[in-house]
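Undergrad: Just passing along the structure, written as structure tokens.
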Amino acid sequence: MRRLAAAGMNIESLAQMSDSAITSTIVQFYNRSLPSTELVAWCEMSRSLHAVVTRRDKVVAHNEMIDRSSLPQTSWADIEQLMSYAKGFIDVVGIGYISMCFAADDGHYFLTQDARVASHVLSKLLIKAGVLENLS
């Protein structure tokens with residue numbers, strides 16, 4: 001319940017609900033707050049998601065020969081906000097449904113260090129393969 005409250009959900013009415021009703025309420029809550037590329041006109045996180053998805057599609061996945069400056073822009077801070085939203089969702093679902101804790105009560109996300117290790121190892125591999133330049 002603390003995780004749901006931290007996510008911004010009103011938890012007062014949940015105590016009297018059945019588990020299935022709580023699940024339905026959680027689904028409704030996240031459906032209302034979930035960023036979507038279809039909500040670009042009025043939601044900041046949706047604009048960021050749209051920019052990331054468009055760049056992934058046009059530049060990374062399909063490597064189209066287009067002017068990249070014409071693509072939607074976003075900032076690193078906006079991408080971090082999307083990641084924080086996803087981490088919060090994973091933490092709520094993890095603790096409530098699979099009994100796995102992904103974050104401490106203070107917000108520290110336990111898998112961050114795992115991601116750093118994987119990123120470091122991947123960087124070393126790409127440098128050895130000659131795909132990335134060693135900047136250190």
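Note on naming: chains are A, B, ... as they come in the structure tokens, residues start from 1 per chain, ligands start from 1 in the order shown.
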Can you list every residue of range 21-65 of chain A that has an atom at most 12 Å from range 90-109 of chain A, with its nearest atom pair and the distance in Å to one decimal, using only C-alpha atoms, ordered by chain then number, as a tab-separated table?
TA:
```
residue	atom	partner	partner_atom	distance
A:Ile22	CA	A:Gly96	CA	10.5
A:Thr23	CA	A:Tyr97	CA	9.5
A:Ile26	CA	A:Val93	CA	9.3
A:Val27	CA	A:Val93	CA	10.3
A:Phe29	CA	A:Val92	CA	11.9
A:Tyr30	CA	A:Val92	CA	10.7
```
Undergrad: Based on the selection just made, write N, CA, C and O atoms of those residues as a PDB file, in the first residue's frame.
TA:
```pdb
ATOM      1  N   ILE A  22      -8.984  -4.735  -6.012  1.00  0.00           N
ATOM      2  CA  ILE A  22      -7.759  -3.934  -5.884  1.00  0.00           C
ATOM      3  C   ILE A  22      -6.983  -3.976  -7.196  1.00  0.00           C
ATOM      4  O   ILE A  22      -6.517  -2.948  -7.685  1.00  0.00           O
ATOM      5  N   THR A  23      -6.874  -5.163  -7.777  1.00  0.00           N
ATOM      6  CA  THR A  23      -6.165  -5.305  -9.050  1.00  0.00           C
ATOM      7  C   THR A  23      -6.829  -4.455 -10.126  1.00  0.00           C
ATOM      8  O   THR A  23      -6.150  -3.739 -10.867  1.00  0.00           O
ATOM      9  N   ILE A  26      -5.965  -0.828  -9.538  1.00  0.00           N
ATOM     10  CA  ILE A  26      -4.578  -0.546  -9.919  1.00  0.00           C
ATOM     11  C   ILE A  26      -4.460  -0.448 -11.446  1.00  0.00           C
ATOM     12  O   ILE A  26      -3.798   0.457 -11.970  1.00  0.00           O
ATOM     13  N   VAL A  27      -5.116  -1.351 -12.155  1.00  0.00           N
ATOM     14  CA  VAL A  27      -5.088  -1.316 -13.622  1.00  0.00           C
ATOM     15  C   VAL A  27      -5.685  -0.001 -14.124  1.00  0.00           C
ATOM     16  O   VAL A  27      -5.116   0.654 -15.002  1.00  0.00           O
ATOM     17  N   PHE A  29      -5.861   2.846 -12.499  1.00  0.00           N
ATOM     18  CA  PHE A  29      -4.939   3.919 -12.125  1.00  0.00           C
ATOM     19  C   PHE A  29      -3.808   4.044 -13.141  1.00  0.00           C
ATOM     20  O   PHE A  29      -3.501   5.132 -13.634  1.00  0.00           O
ATOM     21  N   TYR A  30      -3.180   2.916 -13.475  1.00  0.00           N
ATOM     22  CA  TYR A  30      -2.061   2.970 -14.412  1.00  0.00           C
ATOM     23  C   TYR A  30      -2.525   3.230 -15.844  1.00  0.00           C
ATOM     24  O   TYR A  30      -1.804   3.863 -16.618  1.00  0.00           O
TER      25      TYR A  30
END
```
Undergrad: Might you pull out every residue within 8 Å of range 43-55 of chain A, with only C-alpha atoms counted and same-chain residues fewer than 2 positions away left off, and present them as a VMD selection string?
TA: chain A and resid 35 to 41 57 to 60 71 to 75 78 to 79 81 to 82
Undergrad: Just asking: which residues within range 84-116 of chain A are alpha helix (DSSP H) according to DSSP, as a ChimeraX atom specification?
TA: /A:84-97,112-116
Undergrad: Out of A:Val131, A:Met9, A:Met65, A:Leu122, which residue has the shortest atom-to-atom distance to Gln28 in chain A when counting only C-alpha atoms?
TA: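 Going through A:Val131, A:Met9, A:Met65, A:Leu122 one by one, the smallest distance to Gln28 in chain A is for A:Met9.
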